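Colleague: As input, take target38.txt (compact mmCIF, C-alpha atoms and all ligand atoms):
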# COMPACT_ATOMS: atom_id res chain seq x y z
CA MET Y 1 76.69 5.86 151.94
CA THR Y 2 74.26 3.86 154.03
CA ALA Y 3 70.76 4.93 154.93
CA THR Y 4 72.09 6.26 158.23
CA THR Y 5 74.99 8.29 156.84
CA PRO Y 6 74.25 12.01 157.23
CA PRO Y 7 73.55 13.97 154.06
CA LEU Y 8 76.49 15.73 152.43
CA THR Y 9 76.77 19.43 151.77
CA VAL Y 10 78.87 21.23 149.17
CA PRO Y 11 80.45 24.70 149.17
CA GLY Y 12 78.27 27.69 148.36
CA ASP Y 13 77.40 28.35 144.74
CA LYS Y 14 80.24 30.06 142.95
CA SER Y 15 78.10 31.85 140.36
CA ILE Y 16 75.73 33.22 142.99
CA ALA Y 17 78.53 34.22 145.36
CA HIS Y 18 80.45 36.22 142.71
CA ARG Y 19 77.30 38.15 141.91
CA ALA Y 20 76.24 38.65 145.52
CA LEU Y 21 79.64 40.16 146.38
CA ILE Y 22 79.67 42.41 143.33
CA LEU Y 23 76.15 43.72 143.91
CA ALA Y 24 76.79 44.13 147.65
CA ALA Y 25 79.92 46.11 146.76
CA LEU Y 26 77.90 48.50 144.61
CA ALA Y 27 75.03 48.87 147.08
CA ARG Y 28 74.41 51.48 149.73
CA GLY Y 29 74.86 50.08 153.24
CA GLU Y 30 76.22 46.88 154.66
CA SER Y 31 75.17 43.60 153.08
CA VAL Y 32 75.44 40.19 154.68
CA VAL Y 33 76.44 37.28 152.45
CA ARG Y 34 76.29 33.85 154.07
CA ASN Y 35 77.88 30.62 152.94
CA VAL Y 36 80.43 32.30 150.67
CA PRO Y 37 82.51 29.44 149.22
CA ALA Y 38 86.16 29.29 150.20
CA GLY Y 39 87.18 28.42 146.63
CA LEU Y 40 89.82 30.61 145.04
CA ASP Y 41 87.57 31.93 142.25
CA VAL Y 42 85.22 33.76 144.58
CA ARG Y 43 88.22 34.99 146.57
CA SER Y 44 89.47 36.49 143.31
CA THR Y 45 86.27 38.51 143.08
CA GLN Y 46 86.53 39.58 146.70
CA ARG Y 47 90.17 40.62 146.27
CA ALA Y 48 89.33 42.54 143.11
CA LEU Y 49 86.53 44.41 144.89
CA SER Y 50 88.90 45.21 147.78
CA ALA Y 51 91.32 46.66 145.23
CA LEU Y 52 88.43 48.85 144.04
CA GLY Y 53 87.95 50.24 147.54
CA VAL Y 54 85.25 47.96 148.98
CA THR Y 55 85.72 46.72 152.54
CA PHE Y 56 84.79 43.32 153.90
CA ARG Y 57 84.69 41.83 157.36
CA GLU Y 58 83.69 38.47 158.71
CA ALA Y 59 81.19 37.93 161.51
CA ASP Y 60 79.58 34.68 162.63
CA GLY Y 61 80.82 32.92 159.51
CA ALA Y 62 79.17 35.48 157.19
CA LEU Y 63 80.89 38.02 154.98
CA LEU Y 64 79.80 41.60 155.66
CA VAL Y 65 80.27 43.90 152.70
CA SER Y 66 80.37 47.69 153.12
CA GLY Y 67 78.92 48.86 149.83
CA CYS Y 68 80.47 51.84 148.05
CA ASN Y 69 77.10 53.20 146.91
CA GLY Y 70 78.25 53.01 143.32
CA VAL Y 71 81.52 54.88 143.83
CA LEU Y 72 84.48 52.57 143.33
CA SER Y 73 88.05 53.83 143.58
CA ALA Y 74 90.91 53.23 141.16
CA PRO Y 75 93.44 50.60 142.17
CA GLY Y 76 97.12 51.49 141.78
CA GLU Y 77 97.91 48.41 139.74
CA PRO Y 78 96.28 45.78 137.53
CA ILE Y 79 93.72 43.58 139.24
CA ASP Y 80 94.56 39.87 139.26
CA CYS Y 81 91.42 37.82 138.57
CA GLY Y 82 93.32 34.55 139.01
CA ASN Y 83 91.69 31.65 137.15
CA SER Y 84 88.21 33.14 137.20
CA GLY Y 85 86.42 33.98 133.96
CA THR Y 86 83.36 35.12 135.91
CA THR Y 87 85.43 37.62 137.89
CA ILE Y 88 87.07 39.23 134.89
CA ARG Y 89 84.01 39.34 132.64
CA LEU Y 90 81.55 40.58 135.28
CA LEU Y 91 83.97 43.23 136.51
CA ALA Y 92 84.55 44.39 132.95
CA GLY Y 93 80.80 45.03 132.87
CA VAL Y 94 80.77 46.93 136.16
CA LEU Y 95 83.72 49.08 135.11
CA ALA Y 96 82.40 49.83 131.61
CA THR Y 97 80.15 52.60 132.92
CA ARG Y 98 82.26 53.94 135.82
CA ALA Y 99 84.73 56.84 135.76
CA LEU Y 100 87.77 54.63 136.21
CA ASP Y 101 90.65 53.29 134.15
CA VAL Y 102 91.39 49.75 135.34
CA THR Y 103 93.40 46.83 133.96
CA LEU Y 104 92.07 43.31 134.64
CA ASP Y 105 94.42 40.38 134.31
CA GLY Y 106 94.63 36.72 135.32
CA ASP Y 107 96.64 33.52 135.28
CA ALA Y 108 97.94 31.79 132.16
CA SER Y 109 94.65 29.91 131.63
CA LEU Y 110 92.54 33.05 131.97
CA ARG Y 111 94.90 34.92 129.64
CA GLY Y 112 94.10 32.31 127.00
CA ARG Y 113 90.33 32.85 127.11
CA PRO Y 114 88.29 35.01 124.73
CA MET Y 115 87.37 38.50 125.96
CA ARG Y 116 86.05 40.13 122.77
CA ARG Y 117 82.73 38.55 123.67
CA VAL Y 118 82.44 41.07 126.52
CA ALA Y 119 84.45 43.92 125.00
CA GLU Y 120 82.18 44.14 121.96
CA PRO Y 121 78.79 44.48 123.69
CA LEU Y 122 80.30 46.79 126.33
CA ALA Y 123 81.52 49.12 123.57
CA ALA Y 124 77.83 49.98 123.09
CA PHE Y 125 78.12 51.90 126.39
CA GLY Y 126 81.02 53.98 125.07
CA ALA Y 127 83.56 52.12 127.20
CA GLN Y 128 87.04 51.89 125.74
CA ILE Y 129 88.31 48.38 126.21
CA VAL Y 130 91.78 47.39 125.04
CA LEU Y 131 92.67 43.69 124.78
CA SER Y 132 95.76 41.82 123.67
CA PRO Y 133 96.00 41.37 119.89
CA ALA Y 134 94.59 37.86 120.42
CA GLY Y 135 91.48 39.33 122.06
CA THR Y 136 92.47 38.17 125.54
CA ALA Y 137 93.49 39.59 128.94
CA PRO Y 138 95.08 41.81 130.10
CA LEU Y 139 91.99 43.86 129.52
CA ARG Y 140 92.16 47.62 130.09
CA VAL Y 141 88.76 49.17 130.74
CA ARG Y 142 88.25 52.91 130.53
CA GLY Y 143 84.66 53.29 131.58
CA ASN Y 144 82.15 55.86 130.39
CA PRO Y 145 80.20 57.29 133.35
CA ASN Y 146 77.95 59.16 130.90
CA ALA Y 147 77.05 56.01 129.04
CA PRO Y 148 73.76 56.08 127.18
CA ALA Y 149 71.42 53.14 127.74
CA GLY Y 150 70.51 51.18 124.64
CA ASP Y 151 69.52 48.02 122.99
CA VAL Y 152 72.14 45.27 123.35
CA ALA Y 153 71.97 41.94 121.52
CA ILE Y 154 73.72 38.98 123.15
CA THR Y 155 75.05 36.67 120.44
CA ILE Y 156 76.81 34.00 122.55
CA PRO Y 157 74.65 32.07 125.05
CA SER Y 158 76.91 33.01 127.96
CA ALA Y 159 75.64 34.13 131.36
CA GLN Y 160 78.93 35.90 131.88
CA VAL Y 161 78.38 38.06 128.79
CA LYS Y 162 74.72 38.73 129.66
CA SER Y 163 75.70 39.62 133.23
CA ALA Y 164 78.49 41.94 132.10
CA VAL Y 165 75.95 43.89 130.05
CA LEU Y 166 73.39 44.00 132.89
CA LEU Y 167 76.05 45.26 135.30
CA ALA Y 168 77.12 47.96 132.83
CA ALA Y 169 73.46 48.94 132.37
CA LEU Y 170 73.20 49.68 136.11
CA ASN Y 171 75.13 52.91 135.62
CA ALA Y 172 73.98 53.83 132.11
CA HIS Y 173 71.46 56.60 131.55
CA GLY Y 174 68.04 55.35 130.54
CA VAL Y 175 66.53 51.93 129.95
CA THR Y 176 68.83 49.23 128.60
CA ARG Y 177 67.15 46.35 126.78
CA VAL Y 178 69.12 43.12 126.58
CA HIS Y 179 67.94 40.48 124.13
CA GLY Y 180 69.13 37.55 122.02
CA ALA Y 181 70.87 34.58 123.63
CA ILE Y 182 69.72 35.31 127.19
CA ALA Y 183 68.37 31.87 128.16
CA THR Y 184 71.32 31.15 130.46
CA ARG Y 185 71.68 31.01 134.24
CA ASP Y 186 69.67 33.91 135.68
CA HIS Y 187 71.40 34.58 139.00
CA THR Y 188 72.26 38.16 138.08
CA GLU Y 189 68.63 38.94 137.32
CA ARG Y 190 67.40 37.36 140.57
CA LEU Y 191 70.03 39.01 142.73
CA LEU Y 192 69.51 42.42 141.15
CA ARG Y 193 65.91 42.17 142.34
CA ALA Y 194 67.11 41.14 145.82
CA PHE Y 195 69.23 44.32 145.90
CA GLY Y 196 66.20 46.42 144.97
CA VAL Y 197 66.75 46.88 141.22
CA ALA Y 198 63.85 46.25 138.87
CA CYS Y 199 65.20 43.86 136.27
CA GLU Y 200 62.18 43.12 134.14
CA SER Y 201 61.85 40.12 131.89
CA ASP Y 202 59.26 39.48 129.20
CA GLY Y 203 60.72 36.09 128.30
CA THR Y 204 62.66 37.35 125.30
CA SER Y 205 64.33 40.46 126.70
CA LEU Y 206 65.49 42.04 129.94
CA ARG Y 207 65.16 45.69 130.88
CA ILE Y 208 67.03 47.72 133.45
CA ALA Y 209 66.69 51.46 134.10
CA GLY Y 210 69.85 53.29 135.06
CA PRO Y 211 71.44 54.80 136.94
CA ALA Y 212 70.11 52.33 139.50
CA ALA Y 213 70.64 52.58 143.26
CA LEU Y 214 71.23 49.24 144.93
CA GLN Y 215 70.17 48.71 148.53
CA ALA Y 216 72.12 46.43 150.85
CA ALA Y 217 70.68 42.93 151.18
CA GLU Y 218 71.08 39.67 153.08
CA ILE Y 219 71.93 36.78 150.81
CA ASP Y 220 72.24 33.16 151.87
CA VAL Y 221 74.14 31.33 149.15
CA PRO Y 222 72.87 27.77 148.54
CA GLY Y 223 75.25 24.87 147.87
CA ASP Y 224 76.71 24.76 144.38
CA VAL Y 225 74.75 22.33 142.24
CA SER Y 226 77.67 22.18 139.79
CA SER Y 227 79.92 20.95 142.62
CA ALA Y 228 77.21 18.60 143.88
CA ALA Y 229 77.06 17.16 140.36
CA PHE Y 230 80.39 15.38 140.88
CA LEU Y 231 79.18 13.61 144.02
CA LEU Y 232 75.83 12.78 142.45
CA ALA Y 233 77.56 11.35 139.38
CA ALA Y 234 79.81 9.22 141.60
CA ALA Y 235 76.67 7.61 143.03
CA ALA Y 236 74.82 7.43 139.70
CA ALA Y 237 77.59 5.41 138.04
CA VAL Y 238 77.51 2.58 140.59
CA ALA Y 239 74.41 0.41 140.91
CA GLY Y 240 73.32 0.42 144.55
CA ALA Y 241 75.31 3.54 145.53
CA ARG Y 242 73.55 6.57 146.93
CA ALA Y 243 74.35 10.25 147.54
CA VAL Y 244 72.20 12.70 149.46
CA ILE Y 245 73.10 16.38 149.27
CA ASP Y 246 71.41 18.96 151.43
CA ASP Y 247 70.79 22.62 150.85
CA VAL Y 248 71.87 22.69 147.26
CA GLY Y 249 70.79 25.32 144.74
CA LEU Y 250 67.88 24.24 142.54
CA ASN Y 251 67.61 27.19 140.18
CA PRO Y 252 65.95 25.70 137.05
CA THR Y 253 68.62 27.30 134.84
CA ARG Y 254 71.20 25.13 136.63
CA THR Y 255 69.49 21.76 137.23
CA ALA Y 256 69.49 20.25 133.74
CA PHE Y 257 72.10 17.77 134.93
CA LEU Y 258 69.57 16.21 137.31
CA ASP Y 259 67.38 15.38 134.31
CA VAL Y 260 70.43 14.06 132.50
CA LEU Y 261 71.07 11.68 135.41
CA ARG Y 262 67.48 10.45 135.10
CA ARG Y 263 67.90 9.93 131.35
CA PHE Y 264 71.03 7.89 132.02
CA GLY Y 265 68.83 5.72 134.25
CA ALA Y 266 69.74 6.89 137.76
CA ASP Y 267 67.04 7.44 140.34
CA VAL Y 268 66.86 11.13 141.29
CA THR Y 269 64.70 12.68 144.01
CA VAL Y 270 64.46 16.42 144.60
CA GLU Y 271 62.88 17.97 147.70
CA ALA Y 272 62.68 21.76 147.54
CA THR Y 273 62.96 23.67 150.83
CA ALA Y 274 62.95 27.30 149.67
CA SER Y 275 62.26 29.21 146.49
CA ALA Y 276 63.54 32.80 146.75
CA PRO Y 277 65.72 34.49 145.78
CA GLU Y 278 67.28 31.19 144.73
CA PRO Y 279 65.49 27.83 145.00
CA ARG Y 280 67.25 25.24 147.15
CA GLY Y 281 66.68 21.83 148.66
CA ARG Y 282 67.85 18.23 148.99
CA VAL Y 283 68.85 15.97 146.11
CA THR Y 284 69.14 12.19 146.41
CA VAL Y 285 70.63 10.04 143.66
CA ARG Y 286 70.71 6.26 143.54
CA GLY Y 287 72.97 4.51 141.07
CA ALA Y 288 71.81 2.02 138.45
CA ALA Y 289 72.91 0.32 135.26
CA LEU Y 290 73.15 3.30 132.91
CA ARG Y 291 72.16 3.61 129.25
CA ALA Y 292 73.73 6.04 126.77
CA ILE Y 293 72.09 9.39 126.04
CA THR Y 294 72.38 12.17 123.47
CA ILE Y 295 72.76 15.81 124.45
CA ALA Y 296 71.27 18.16 121.87
CA PRO Y 297 72.85 21.55 121.12
CA ASP Y 298 69.98 23.48 122.72
CA GLU Y 299 70.64 21.70 126.03
CA VAL Y 300 74.25 22.82 126.17
CA PRO Y 301 73.90 26.25 127.88
CA GLY Y 302 72.09 24.62 130.82
CA LEU Y 303 74.73 21.94 131.20
CA ILE Y 304 77.90 23.71 130.20
CA ASP Y 305 79.88 23.01 133.37
CA GLU Y 306 78.61 19.43 133.67
CA LEU Y 307 79.54 18.20 130.19
CA PRO Y 308 82.86 16.58 131.24
CA LEU Y 309 80.79 14.60 133.74
CA VAL Y 310 78.29 13.65 131.05
CA GLY Y 311 81.26 12.22 129.15
CA VAL Y 312 82.46 10.30 132.20
CA LEU Y 313 78.99 8.86 132.81
CA GLY Y 314 78.84 7.93 129.11
CA ALA Y 315 81.81 5.65 129.74
CA PHE Y 316 79.72 3.75 132.31
CA ALA Y 317 76.56 3.60 130.17
CA HIS Y 318 75.57 1.00 127.58
CA GLY Y 319 75.77 2.50 124.10
CA THR Y 320 77.27 5.65 122.66
CA THR Y 321 76.74 8.94 124.49
CA VAL Y 322 76.97 11.95 122.18
CA VAL Y 323 77.40 15.65 123.01
CA SER Y 324 77.24 18.18 120.17
CA GLY Y 325 76.80 21.92 119.79
CA ALA Y 326 79.29 22.43 122.61
CA ALA Y 327 82.17 24.30 120.94
CA GLU Y 328 82.14 26.59 124.01
CA LEU Y 329 83.89 23.76 125.84
CA ARG Y 330 87.01 24.63 123.87
CA VAL Y 331 87.33 28.02 125.63
CA LYS Y 332 86.77 27.01 129.25
CA GLU Y 333 89.55 26.73 131.88
CA SER Y 334 91.05 24.28 129.38
CA ASP Y 335 89.94 23.03 125.97
CA ARG Y 336 87.54 20.63 127.64
CA ILE Y 337 86.89 18.58 124.51
CA ALA Y 338 90.61 17.86 124.13
CA THR Y 339 91.42 17.46 127.83
CA PHE Y 340 88.36 15.27 128.42
CA ALA Y 341 89.18 12.99 125.47
CA ALA Y 342 92.87 12.63 126.35
CA ALA Y 343 92.05 11.84 129.98
CA ALA Y 344 89.33 9.35 129.08
CA ARG Y 345 91.62 7.56 126.60
CA ALA Y 346 94.32 7.37 129.27
CA LEU Y 347 91.89 5.19 131.26
CA GLY Y 348 90.95 2.98 128.31
CA VAL Y 349 87.74 4.75 127.30
CA GLU Y 350 86.88 4.97 123.57
CA VAL Y 351 86.18 8.59 122.66
CA GLU Y 352 85.67 10.33 119.34
CA THR Y 353 85.93 14.12 119.26
CA PHE Y 354 84.28 16.69 116.98
CA ASP Y 355 84.84 20.42 116.69
CA ASP Y 356 81.81 20.92 118.91
CA GLY Y 357 81.60 17.85 121.11
CA PHE Y 358 82.43 14.20 121.60
CA ALA Y 359 81.06 10.66 121.52
CA VAL Y 360 81.89 8.13 124.23
CA ARG Y 361 81.34 4.41 123.88
CA GLY Y 362 80.36 2.48 126.97
CA PRO Y 363 80.61 0.56 129.07
CA ALA Y 364 84.36 1.05 128.96
CA HIS Y 365 86.98 -1.44 130.10
CA PHE Y 366 88.63 0.96 132.48
CA HIS Y 367 92.23 0.66 133.53
CA GLY Y 368 94.32 2.93 135.74
CA GLY Y 369 96.36 5.75 134.29
CA ALA Y 370 97.81 9.24 134.53
CA ILE Y 371 95.60 12.22 133.79
CA VAL Y 372 96.70 15.61 132.48
CA THR Y 373 94.22 18.04 134.04
CA ALA Y 374 95.63 21.13 132.31
CA GLY Y 375 94.96 22.82 135.66
CA ASP Y 376 91.22 22.50 135.01
CA HIS Y 377 89.22 21.85 138.19
CA ARG Y 378 86.27 20.24 136.44
CA ILE Y 379 88.48 17.83 134.49
CA ALA Y 380 90.27 16.86 137.72
CA MET Y 381 87.00 16.21 139.57
CA ALA Y 382 85.35 14.39 136.67
CA PHE Y 383 88.21 11.91 136.49
CA ALA Y 384 88.43 11.49 140.24
CA VAL Y 385 84.77 10.42 139.95
CA ALA Y 386 85.62 8.04 137.09
CA ALA Y 387 88.45 6.50 139.10
CA ARG Y 388 86.27 5.93 142.11
CA ALA Y 389 83.28 4.55 140.22
CA ALA Y 390 85.48 2.23 138.10
CA SER Y 391 87.70 1.28 141.07
CA VAL Y 392 90.91 2.03 139.17
CA ASP Y 393 93.96 4.01 140.23
CA VAL Y 394 94.24 7.39 138.62
CA ARG Y 395 97.06 9.87 139.10
CA LEU Y 396 96.05 13.48 138.52
CA ASP Y 397 98.99 15.72 137.59
CA ASP Y 398 97.48 18.64 139.51
CA PRO Y 399 94.90 17.47 142.08
CA ASP Y 400 95.12 20.84 143.86
CA CYS Y 401 93.49 22.67 140.94
CA VAL Y 402 90.09 21.66 142.40
CA ALA Y 403 90.62 24.43 144.97
CA VAL Y 404 89.20 27.08 142.65
CA SER Y 405 85.71 25.69 143.16
CA PHE Y 406 85.66 22.79 145.63
CA PRO Y 407 88.30 22.70 148.37
CA GLY Y 408 87.69 19.48 150.30
CA PHE Y 409 86.42 17.66 147.23
CA ALA Y 410 88.45 14.49 147.85
CA VAL Y 411 87.01 14.08 151.35
CA ALA Y 412 83.47 14.69 150.10
CA LEU Y 413 83.91 12.15 147.31
CA ASP Y 414 85.08 9.58 149.85
CA ALA Y 415 81.80 10.00 151.68
CA VAL Y 416 79.80 8.75 148.67
CA ALA Y 417 79.44 5.00 148.78
C1 LIG T 501 79.21 31.18 134.68
C2 LIG T 501 78.79 30.98 133.41
C3 LIG T 501 79.31 29.92 132.54
C4 LIG T 501 80.02 28.85 133.35
C5 LIG T 501 80.94 29.40 134.38
C6 LIG T 501 80.20 30.31 135.34
C7 LIG T 501 78.65 32.31 135.42
O1 LIG T 501 80.22 30.48 131.64
O2 LIG T 501 80.75 27.99 132.49
O3 LIG T 501 81.52 28.34 135.12
O4 LIG T 501 78.80 32.38 136.66
O5 LIG T 501 78.04 33.18 134.79
P1 LIG T 501 79.70 31.15 130.28
O6 LIG T 501 78.83 32.27 130.65
O7 LIG T 501 80.93 31.63 129.57
O8 LIG T 501 79.01 30.03 129.56
Would you encode the structure as structure tokens?
Modeller:
Amino acid sequence: MTATTPPLTVPGDKSIAHRALILAALARGESVVRNVPAGLDVRSTQRALSALGVTFREADGALLVSGCNGVLSAPGEPIDCGNSGTTIRLLAGVLATRALDVTLDGDASLRGRPMRRVAEPLAAFGAQIVLSPAGTAPLRVRGNPNAPAGDVAITIPSAQVKSAVLLAALNAHGVTRVHGAIATRDHTERLLRAFGVACESDGTSLRIAGPAALQAAEIDVPGDVSSAAFLLAAAAAVAGARAVIDDVGLNPTRTAFLDVLRRFGADVTVEATASAPEPRGRVTVRGAALRAITIAPDEVPGLIDELPLVGVLGAFAHGTTVVSGAAELRVKESDRIATFAAAARALGVEVETFDDGFAVRGPAHFHGGAIVTAGDHRIAMAFAVAARAASVDVRLDDPDCVAVSFPGFAVALDAVA
């Protein structure tokens, strides 16, 4: 893009939008949620909430949500959560303390993902949760409306697990304390406060008193920094290229990738425009000759969705880029260590894999090739970025899978130059 090209924008943040719709659904009164992304994942949450009796209407481009004041109704059939892990895990939390018996299901990818990680902590609320023998969906939740509050330890650093517990705590009786691996994206905590619920943090634990009454709110969803990451990486990998993205979320639990771009050697400028309930602003990235970096295990939770991109940038950087402590990548929309490595090798990149990560040697001698995305949106977008930055032809077996998070991605990528 030239200095006169207008800044880009990206769809609204998926993580924030899921949570805004769920909390609006539980609230009393009509909430207004602006900039809801059109991606299929958030639609899965909206459809699921409709099946639970919540009504939505659109006005002036915003989604108006008529909250059920905590009283959801039982759907007649299983709820299809599509490809969305956030939908199924957060709803499991909501339902764990409600007087309903609901089955949550999803597509083949979602049916392959681990659900004991939510079923086990939610059992502390007396919910009965039945999974497949493999510990996967379909997931039948028989909630306990008389759930006692308690002390819940989070053992996996997953914002989905933490959020499921916080959502269950909303309808438990007494103060729930959530501790352990809670240093993950904090959108649920911030949005709970926006909907009038005191979610207190002392740095090592969170506390919520239930039953909590949520009040309708107006939420303006910022652009998704994890979607912006693909466009920013496309600029970072090419010396002299530039991408400017406006109105993107800058929540510090989500922006580790911007520091990663700096460590690779790209020039990154951040101009904040607002701070509450979610920080947002403009990000500008200028490409440069990149040097390899190492991602330490404690950085992984803050970068989890960007790690395929870290691998792609590693292929453009001088030296060996190493990611470790990232076994969670194996249970995302695909096994992202395996799908990343196979796709990178198909383009001539040297990759070594470990149980919990990978090493990429750069700069690679890229050639064109065919990529198996395994239906994984982030793999598809990461390799579209690689193709563009390396100027090679890449055929994605399923380019449409990007629609779960970033419809219009190909056009946006074309605007980075
Ligand atoms: C998300 C949390 C992350 C992330 C996912 C969205 C969320 O998953 O990978 O894309 O909205 O809470 P985990 O919580 O399983 O790490």
Colleague: Report as JSON the centre and the edge lengths, in Å to one decimal, of the axis-aligned box holding every listed atom of ligand LIG 501 (chain T), padded by 4 Å on each side.
Modeller:
{"center_x": 79.8, "center_y": 30.6, "center_z": 133.1, "size_x": 11.5, "size_y": 13.2, "size_z": 15.1}
Colleague: Using only C-alpha atoms and all ligand atoms, which residues have at least one atom no more than 6 Å from ligand LIG 501 (chain T)? Output them as a PDB file with C-alpha atoms, in the frame of the given file.
Modeller:
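This went into out22.pdb:
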ATOM      1  CA  SER Y  15      78.100  31.850 140.360  1.00  0.00           C
ATOM      2  CA  THR Y  86      83.360  35.120 135.910  1.00  0.00           C
ATOM      3  CA  SER Y 158      76.910  33.010 127.960  1.00  0.00           C
ATOM      4  CA  ALA Y 159      75.640  34.130 131.360  1.00  0.00           C
ATOM      5  CA  GLN Y 160      78.930  35.900 131.880  1.00  0.00           C
ATOM      6  CA  ILE Y 304      77.900  23.710 130.200  1.00  0.00           C
ATOM      7  CA  ASP Y 305      79.880  23.010 133.370  1.00  0.00           C
TER       8      ASP Y 305
END
Colleague: From the set Y:Ala119, Y:Val94, Y:Val385, Y:Ala134, which residue has the shortest atom-to-atom contact distance to Y:Ala169, counting only C-alpha atoms?
Modeller: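 Using only C-alpha atoms, Y:Ala169 sits closest to Y:Val94.
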Colleague: List as a list in words the protein and nucleic acid residues near Y:Ile295, meaning an atom at most 10 Å away when all atoms listed in the file are counted, but skip any in the same chain fewer than 3 places from it.
Modeller: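 Counting only the stated atoms, we get Val260, Asp298, Glu299, Val300, Leu303, Leu307, Val310, Thr321, Val322, Val323, Ser324, Gly325, Ala326 and Gly357 of chain Y.
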Colleague: Restricting the calculation to all atoms listed in the file: of Y:Val10, Y:Val33, Y:Ala124, Y:Val248, which residue gets closest to Y:Val152?
Modeller: Y:Ala124
Colleague: Using all atoms listed in the file, which of Y:Ala108, Y:Val416, Y:Ala386, Y:Ala370 sits nearest Y:Asp80?
Modeller: Y:Ala108
Colleague: Counting all atoms listed in the file, write as a ChimeraX atom specification all protein and nucleic acid residues lying at most 7 Å from (82.9, 6.6, 120.8) in the file's frame.
Modeller: /Y:320,350-352,359-361
Colleague: How far is it from atom CA of Y:Ser109 to atom CA of Y:Ile371, in Å with one decimal?
Modeller: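 About the pair atom CA of Y:Ser109 and atom CA of Y:Ile371: they are 17.8 Å apart.
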Colleague: Using only C-alpha atoms, can you tell me which of Y:Ala243, Y:Ala315, Y:Arg185, Y:Phe125 comes closest to Y:Ala256?
Modeller: Y:Arg185
Colleague: Do you have, as a tab-separated table, the list of residues of stretch 306-404 of chain Y lying at most 9 Å from stretch 230-238 of chain Y, each with its nearest atom pair and that distance in Å to one decimal, counting only C-alpha atoms and ordered by chain then number?
Modeller:
residue	atom	partner	partner_atom	distance
Y:Glu306	CA	Y:Phe230	CA	8.5
Y:Leu309	CA	Y:Phe230	CA	7.2
Y:Val310	CA	Y:Ala233	CA	8.7
Y:Val312	CA	Y:Ala233	CA	8.8
Y:Leu313	CA	Y:Ala237	CA	6.4
Y:Phe316	CA	Y:Ala237	CA	6.3
Y:Ala317	CA	Y:Ala237	CA	8.1
Y:Arg378	CA	Y:Phe230	CA	8.8
Y:Met381	CA	Y:Phe230	CA	6.8
Y:Ala382	CA	Y:Phe230	CA	6.6
Y:Ala384	CA	Y:Phe230	CA	9.0
Y:Val385	CA	Y:Ala234	CA	5.4
Y:Ala386	CA	Y:Ala234	CA	7.4
Y:Arg388	CA	Y:Ala234	CA	7.3
Y:Ala389	CA	Y:Ala234	CA	6.0
Y:Ala390	CA	Y:Val238	CA	8.4
Colleague: Just C-alpha atoms for this one: save the residues we selected as an mmCIF file, in the frame of the given file.
Modeller:
data_model
loop_
_atom_site.group_PDB
_atom_site.id
_atom_site.type_symbol
_atom_site.label_atom_id
_atom_site.label_comp_id
_atom_site.auth_asym_id
_atom_site.auth_seq_id
_atom_site.Cartn_x
_atom_site.Cartn_y
_atom_site.Cartn_z
ATOM 1 C CA GLU Y 306 78.610 19.430 133.670
ATOM 2 C CA LEU Y 309 80.790 14.600 133.740
ATOM 3 C CA VAL Y 310 78.290 13.650 131.050
ATOM 4 C CA VAL Y 312 82.460 10.300 132.200
ATOM 5 C CA LEU Y 313 78.990 8.860 132.810
ATOM 6 C CA PHE Y 316 79.720 3.750 132.310
ATOM 7 C CA ALA Y 317 76.560 3.600 130.170
ATOM 8 C CA ARG Y 378 86.270 20.240 136.440
ATOM 9 C CA MET Y 381 87.000 16.210 139.570
ATOM 10 C CA ALA Y 382 85.350 14.390 136.670
ATOM 11 C CA ALA Y 384 88.430 11.490 140.240
ATOM 12 C CA VAL Y 385 84.770 10.420 139.950
ATOM 13 C CA ALA Y 386 85.620 8.040 137.090
ATOM 14 C CA ARG Y 388 86.270 5.930 142.110
ATOM 15 C CA ALA Y 389 83.280 4.550 140.220
ATOM 16 C CA ALA Y 390 85.480 2.230 138.100
#
Colleague: Which residue is closest to Y:His367? Choose from Y:Phe354, Y:Leu95, Y:Pro138, Y:Gly348 and count all atoms listed in the file.
Modeller: Y:Gly348
Colleague: Name all residues at most 8 Å from Y:Pro301 (count all atoms listed in the file; drop same-chain ones fewer than 6 positions away) and give them as a VMD selection string.
Modeller: chain Y and resid 157 to 158 183 to 184
